[in-house]
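One structure is given below, encoded as structure tokens.
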Amino acid sequence: MVEVRRPGGDTVMGAIVQMVEDAQNRQAPVQRLADKVISCPCALGLATPTAVLVGTSLGAMRGLLIRGGDILEKFSMVDTVVFDKTGTLTIGKPVVTKVVAVGSQERDDASPISDSNLRNSNLPHWSESEILTLAAGVESNTLHPIAKAVVQAARSANCRNVMVKDGTFEQEPGFGATAVVEEKRVSVGTLEWLGRQGVKNESPPDIRGLDETLVYVGVDDSLAGAIYVADKVREDAAGTVKSLAEMGISTHVLSGDKHTAAEYVAALVGIETDKVLAGVKPNEKTKFISKLQEEKKIVAMVGDGINDAAALAQSDVGIAMGGGVGAATEVASIVLMGDKLTQILDALELSKMTMRKIKQNLLWAFMYNIVGIPVAAGVLLPVTGTLLTPSLAGAMMGISSLGVMANSLALQLQFNSKHKHAGSNTFTSNPLRSIVRMDSTDPQEQDLEKGGHFSRQKDGKYA
């Protein structure tokens with residue numbers, strides 16, 4: 001038996017195919033030049049769309065979904081690239097490193113805290129296992145990378161599987177989530193978010209490392225503890241930032257995380273700390289993009305999550321990581337299906353090469369027709385007695401069109417040859433795997449794909 005949930009045209013593969021087809025039908029602004037020519041000769045009419053067709057097709061083969069010729073033209077002029085941190089500069093597969101309960105004693109080391117530390121506290125006692133269990137119950141209802149890490153950690157630690165009471169789940173991107181779990185109001189997120197849910201601000205000791213993110217957990221009106229999460233920087237992040245800098249492109253980091261974590265990642269990839277804006281909410285990301293645009297910058301924003309969707313839409317060119325959530329990929333101008341930052345360099349190079357081809361095509365078409373049309377009209381007849389017959393004039397017009405198409409097709413040879421010579425292997429993963437991952441809305445499926453690195457040791461502690 002085969003269960004059909006959606007018609008073929010509504011599948012992710014169908015959506016991808018439609019996206020590519022739409023991209024090839026969208027005009028680049030430079031096409032308007034040809035459109036303004038009265039009785040536009042064939043070569044002029046073909047100059048832009050043939051190059052765009054080849055460029056977007058090449059992008060699709062390289063795992064780049066580019067939404068049209070106008071995007072290629074805009075991206076070729078970009079002078080500023082803004083990166084999100086989690087899931088973009090980092091791999092987006094964070095793992096829980098430790099769980100800390102309120103009432104634990106301050107220590108010099110960063111090892112996990114056992115339940116025995118809580119017994120002398122006057123605050124409500126919650127064990128590390130209970131904190132993780134309740135937090136996972138709430139976070140299982142969202143697809144944020146940190147939420148997935150908490151859920152996976154609870155599974156790996158064999159915590160109880162608890163359910164959220166129907167109709168009680170609420171979340172706000174950039175802040176946190178809350179729900180009723182086992183008749184308790186559990187809030188997970190920033191201290192500001194917990195405070196808005198009525199949780200008293202009694203912070204546990206902050207013993208995180210520079211590369212760790214802190215997620216607070218509140219139960220009813222009390223702060224139960226905190227979960228520490230760490231994510232690895234992408235291997236290609238530093239190289240990509242360096243290459244962009246060599247092209248004269250400025251780079252920035254936008255993050256909702258703490259300054260220390262954001263600046264730590266920025267330092268690792270080679271972005272100056274004065275170009276890091278941390279602790280920002282989704283609307284503040286959008287405002288930052290707008291500020292850069294007011295300074296006459298042509299801005300590309302790179303992100304992967306729902307928190308980045310508004311900023312991606314505001315930027316001149318929004319770039320979504322292929323492993324991100326649907327909200328980001330829906331509004332993005334370019335989707336990196338290979339989920340690799342080096343694909344930004346591929347897209348940038350492809351856009352510049354495509355625009356060069358378009359300009360070459362237009363120059364050829366204009367020059368050819370500037371000379372050919374007067375000759376066909378008989379301008380040389382009084383001087384040399386030369387007059388083109390209709391059949392010969394038609395043949396020459398066809399030759400001009402063939403020249404434009406041949407030059408456009410040469411883009412494929414030049415682009416592939418350049419990457420072969422450079423030893424580029426940007427898009428080696430299976431594009432179908434990325435498509436399936438992007439379409440998945442099942443947290444369990446996505447968590448199982450990522451795997452877990454959080455386990456309970458024999459002494460009952462977490463690592």
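Please note that chains go A, B, ... in the order of the structure tokens, that every chain numbers its residues from 1, and that ligands are numbered from 1 in the order shown.
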* To do: Extract the full set of strand (DSSP E or B) residues from stretch 123-366 of chain A according to DSSP on the backbone, and format it as JSON, numbers by chain.
  => {"A": [164, 170, 171, 172, 176, 177, 178, 179, 180, 181, 184, 185, 186, 187, 188, 189, 212, 213, 214, 215, 216, 217, 218, 219, 222, 223, 224, 225, 226, 227, 228, 229, 230, 233, 250, 251, 252, 253, 254, 276, 277, 299, 300, 301, 302, 303, 317, 318, 319, 320, 321, 334, 335, 336]}
Residues as selected, N, CA and C atoms, written as a short mmCIF file (atom, residue, chain, number, x, y, z; two decimals), in the first residue's frame, can you do that?
```cif
data_model
loop_
_atom_site.label_atom_id
_atom_site.label_comp_id
_atom_site.auth_asym_id
_atom_site.auth_seq_id
_atom_site.Cartn_x
_atom_site.Cartn_y
_atom_site.Cartn_z
N VAL A 164 3.67 18.18 25.85
CA VAL A 164 3.13 19.51 26.12
C VAL A 164 1.60 19.45 26.11
N GLU A 170 3.76 28.27 23.28
CA GLU A 170 3.98 29.59 22.68
C GLU A 170 5.47 29.78 22.46
N GLN A 171 5.81 30.49 21.41
CA GLN A 171 7.22 30.81 21.19
C GLN A 171 7.36 32.16 20.53
N GLU A 172 8.50 32.77 20.70
CA GLU A 172 8.82 34.04 20.05
C GLU A 172 10.25 33.95 19.54
N GLY A 176 12.50 32.70 23.05
CA GLY A 176 12.33 31.39 23.66
C GLY A 176 10.96 30.81 23.44
N ALA A 177 10.64 29.79 24.23
CA ALA A 177 9.36 29.10 24.12
C ALA A 177 8.86 28.75 25.51
N THR A 178 7.55 28.55 25.62
CA THR A 178 6.95 28.18 26.90
C THR A 178 5.75 27.29 26.65
N ALA A 179 5.46 26.42 27.61
CA ALA A 179 4.31 25.52 27.50
C ALA A 179 4.06 24.89 28.86
N VAL A 180 2.90 24.27 29.00
CA VAL A 180 2.57 23.54 30.22
C VAL A 180 2.97 22.08 30.02
N VAL A 181 3.83 21.60 30.91
CA VAL A 181 4.30 20.21 30.87
C VAL A 181 4.08 19.60 32.25
N LYS A 184 2.97 21.91 34.92
CA LYS A 184 3.92 22.96 35.28
C LYS A 184 4.13 23.86 34.08
N ARG A 185 4.21 25.16 34.30
CA ARG A 185 4.52 26.10 33.24
C ARG A 185 6.04 26.13 33.08
N VAL A 186 6.53 25.58 31.97
CA VAL A 186 7.97 25.49 31.71
C VAL A 186 8.34 26.50 30.64
N SER A 187 9.32 27.34 30.94
CA SER A 187 9.79 28.36 29.99
C SER A 187 11.26 28.12 29.69
N VAL A 188 11.61 28.18 28.41
CA VAL A 188 12.98 27.93 27.97
C VAL A 188 13.42 29.06 27.06
N GLY A 189 14.59 29.66 27.33
CA GLY A 189 15.08 30.74 26.47
C GLY A 189 15.97 31.71 27.21
N GLU A 212 30.26 28.65 24.07
CA GLU A 212 29.01 28.06 24.53
C GLU A 212 27.88 29.08 24.57
N THR A 213 26.67 28.58 24.33
CA THR A 213 25.45 29.38 24.43
C THR A 213 24.67 28.92 25.64
N LEU A 214 24.08 29.85 26.36
CA LEU A 214 23.37 29.54 27.60
C LEU A 214 21.87 29.65 27.38
N VAL A 215 21.14 28.58 27.72
CA VAL A 215 19.69 28.55 27.62
C VAL A 215 19.12 28.35 29.01
N TYR A 216 18.30 29.29 29.48
CA TYR A 216 17.73 29.21 30.82
C TYR A 216 16.43 28.43 30.81
N VAL A 217 16.16 27.75 31.93
CA VAL A 217 14.94 26.95 32.08
C VAL A 217 14.22 27.39 33.35
N GLY A 218 12.97 27.82 33.21
CA GLY A 218 12.17 28.21 34.37
C GLY A 218 10.98 27.30 34.52
N VAL A 219 10.64 26.99 35.76
CA VAL A 219 9.46 26.16 36.05
C VAL A 219 8.53 26.98 36.94
N SER A 222 9.87 30.01 39.15
CA SER A 222 11.24 29.84 39.65
C SER A 222 12.19 29.47 38.53
N LEU A 223 13.42 29.96 38.64
CA LEU A 223 14.46 29.59 37.70
C LEU A 223 15.03 28.24 38.13
N ALA A 224 14.85 27.22 37.29
CA ALA A 224 15.29 25.88 37.65
C ALA A 224 16.77 25.66 37.37
N GLY A 225 17.25 26.19 36.25
CA GLY A 225 18.65 25.97 35.90
C GLY A 225 18.94 26.47 34.50
N ALA A 226 20.03 25.97 33.95
CA ALA A 226 20.44 26.40 32.62
C ALA A 226 21.08 25.24 31.88
N ILE A 227 20.97 25.29 30.57
CA ILE A 227 21.55 24.27 29.70
C ILE A 227 22.61 24.95 28.83
N TYR A 228 23.79 24.38 28.80
CA TYR A 228 24.89 24.95 28.04
C TYR A 228 25.05 24.19 26.72
N VAL A 229 25.12 24.94 25.63
CA VAL A 229 25.16 24.34 24.30
C VAL A 229 26.34 24.91 23.53
N ALA A 230 27.04 24.05 22.81
CA ALA A 230 28.18 24.49 22.00
C ALA A 230 28.01 24.02 20.56
N VAL A 233 32.45 25.67 14.54
CA VAL A 233 32.54 26.57 13.39
C VAL A 233 32.72 25.72 12.13
N SER A 250 33.11 43.64 2.35
CA SER A 250 33.08 43.76 3.81
C SER A 250 32.18 42.68 4.40
N THR A 251 32.56 42.13 5.56
CA THR A 251 31.78 41.08 6.21
C THR A 251 31.39 41.48 7.63
N HIS A 252 30.19 41.07 8.04
CA HIS A 252 29.66 41.36 9.37
C HIS A 252 29.04 40.10 9.95
N VAL A 253 28.84 40.10 11.26
CA VAL A 253 28.16 39.01 11.95
C VAL A 253 26.97 39.57 12.71
N LEU A 254 25.81 38.96 12.52
CA LEU A 254 24.61 39.27 13.29
C LEU A 254 24.23 38.04 14.09
N VAL A 276 30.74 42.99 14.62
CA VAL A 276 29.89 41.98 15.22
C VAL A 276 28.77 42.67 15.98
N LEU A 277 27.55 42.31 15.68
CA LEU A 277 26.39 42.83 16.40
C LEU A 277 25.69 41.63 17.05
N VAL A 299 23.84 44.90 -0.04
CA VAL A 299 24.01 43.93 1.05
C VAL A 299 23.45 42.54 0.70
N ALA A 300 24.26 41.53 0.99
CA ALA A 300 23.80 40.14 0.94
C ALA A 300 23.75 39.62 2.37
N MET A 301 22.65 39.00 2.74
CA MET A 301 22.49 38.42 4.07
C MET A 301 22.48 36.91 3.95
N VAL A 302 23.26 36.24 4.79
CA VAL A 302 23.34 34.78 4.77
C VAL A 302 22.79 34.25 6.09
N GLY A 303 21.75 33.43 6.03
CA GLY A 303 21.14 32.88 7.23
C GLY A 303 20.52 31.53 6.98
N VAL A 317 20.24 40.83 -1.57
CA VAL A 317 20.30 39.42 -1.96
C VAL A 317 20.29 38.58 -0.69
N GLY A 318 19.22 37.83 -0.49
CA GLY A 318 19.14 36.93 0.66
C GLY A 318 19.64 35.55 0.29
N ILE A 319 20.54 35.01 1.10
CA ILE A 319 21.14 33.70 0.82
C ILE A 319 20.82 32.76 1.98
N ALA A 320 20.15 31.66 1.68
CA ALA A 320 19.77 30.70 2.72
C ALA A 320 20.61 29.43 2.62
N MET A 321 21.04 28.92 3.76
CA MET A 321 21.73 27.64 3.80
C MET A 321 20.72 26.53 3.48
N ILE A 334 18.82 33.28 -3.11
CA ILE A 334 19.71 32.18 -3.47
C ILE A 334 19.66 31.15 -2.35
N VAL A 335 19.55 29.88 -2.70
CA VAL A 335 19.58 28.81 -1.71
C VAL A 335 20.81 27.94 -1.98
N LEU A 336 21.64 27.76 -0.96
CA LEU A 336 22.85 26.94 -1.07
C LEU A 336 22.49 25.50 -0.72
#
```
* What's the 9 Å shell around A:Met353, counting only C-alpha atoms, without same-chain residues fewer than 4 positions away, as a PyMOL selection string? -> chain A and resi 55+76+348-349+357-358+411+414-415
Writer output for current selection, N, CA and C atoms, as an mmCIF file, in the first residue's frame:
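What landed in again-v4.cif:
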```cif
data_model
loop_
_atom_site.group_PDB
_atom_site.id
_atom_site.type_symbol
_atom_site.label_atom_id
_atom_site.label_comp_id
_atom_site.auth_asym_id
_atom_site.auth_seq_id
_atom_site.Cartn_x
_atom_site.Cartn_y
_atom_site.Cartn_z
ATOM 1 N N GLY A 55 23.474 30.669 -17.004
ATOM 2 C CA GLY A 55 23.960 30.948 -15.653
ATOM 3 C C GLY A 55 23.146 30.262 -14.577
ATOM 4 N N SER A 76 26.234 40.319 -8.371
ATOM 5 C CA SER A 76 27.528 40.678 -8.959
ATOM 6 C C SER A 76 28.024 42.024 -8.448
ATOM 7 N N LEU A 348 28.929 34.025 -6.407
ATOM 8 C CA LEU A 348 29.464 35.348 -6.713
ATOM 9 C C LEU A 348 30.242 35.327 -8.024
ATOM 10 N N GLU A 349 31.064 34.308 -8.201
ATOM 11 C CA GLU A 349 31.837 34.184 -9.438
ATOM 12 C C GLU A 349 30.921 33.958 -10.635
ATOM 13 N N LYS A 357 29.185 38.055 -19.702
ATOM 14 C CA LYS A 357 28.662 37.470 -20.933
ATOM 15 C C LYS A 357 27.518 38.313 -21.495
ATOM 16 N N ILE A 358 26.651 38.786 -20.612
ATOM 17 C CA ILE A 358 25.531 39.613 -21.070
ATOM 18 C C ILE A 358 26.052 40.886 -21.737
ATOM 19 N N LEU A 411 29.968 30.190 -21.599
ATOM 20 C CA LEU A 411 30.013 30.415 -20.154
ATOM 21 C C LEU A 411 30.154 29.105 -19.402
ATOM 22 N N GLN A 414 33.765 27.850 -19.716
ATOM 23 C CA GLN A 414 34.697 28.685 -18.963
ATOM 24 C C GLN A 414 34.537 28.499 -17.462
ATOM 25 N N PHE A 415 33.285 28.440 -17.007
ATOM 26 C CA PHE A 415 33.040 28.282 -15.572
ATOM 27 C C PHE A 415 33.526 26.919 -15.083
#
```
* **Length of the atom CA of A:Val82 to atom CA of A:Gly68 vector [Å]** =>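 Between atom CA of A:Val82 and atom CA of A:Gly68 the gap works out to 21.3 Å.
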* Asked: Between A:Leu350, A:Ala327, A:Leu345, A:Val404, which has the minimum distance to A:Phe366 (counting only C-alpha atoms)?
  -> A:Val404
* Would you mind telling me which residue in A:Gln412, A:Asp231, A:Val280, A:Leu64 lies nearest to A:Tyr264 when using only C-alpha atoms? =>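 Answer, going by the shortest atom-to-atom distance: A:Asp231.
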* With a distance cut-off of 10 Å and only C-alpha atoms, select the neighbouring residues of A:Gly372, excluding the residue or stretch itself and same-chain residues fewer than 3 positions from it, and output the selection as a PyMOL selection string. => chain A and resi 366-369+375-377+388+393+396-397+400
* To do: Rank A:Glu295, A:Glu272, A:Asp316, A:Asp308 by their smallest atom-to-atom distance to A:Lys242, using only C-alpha atoms, and report the top residue only.
  => A:Glu272
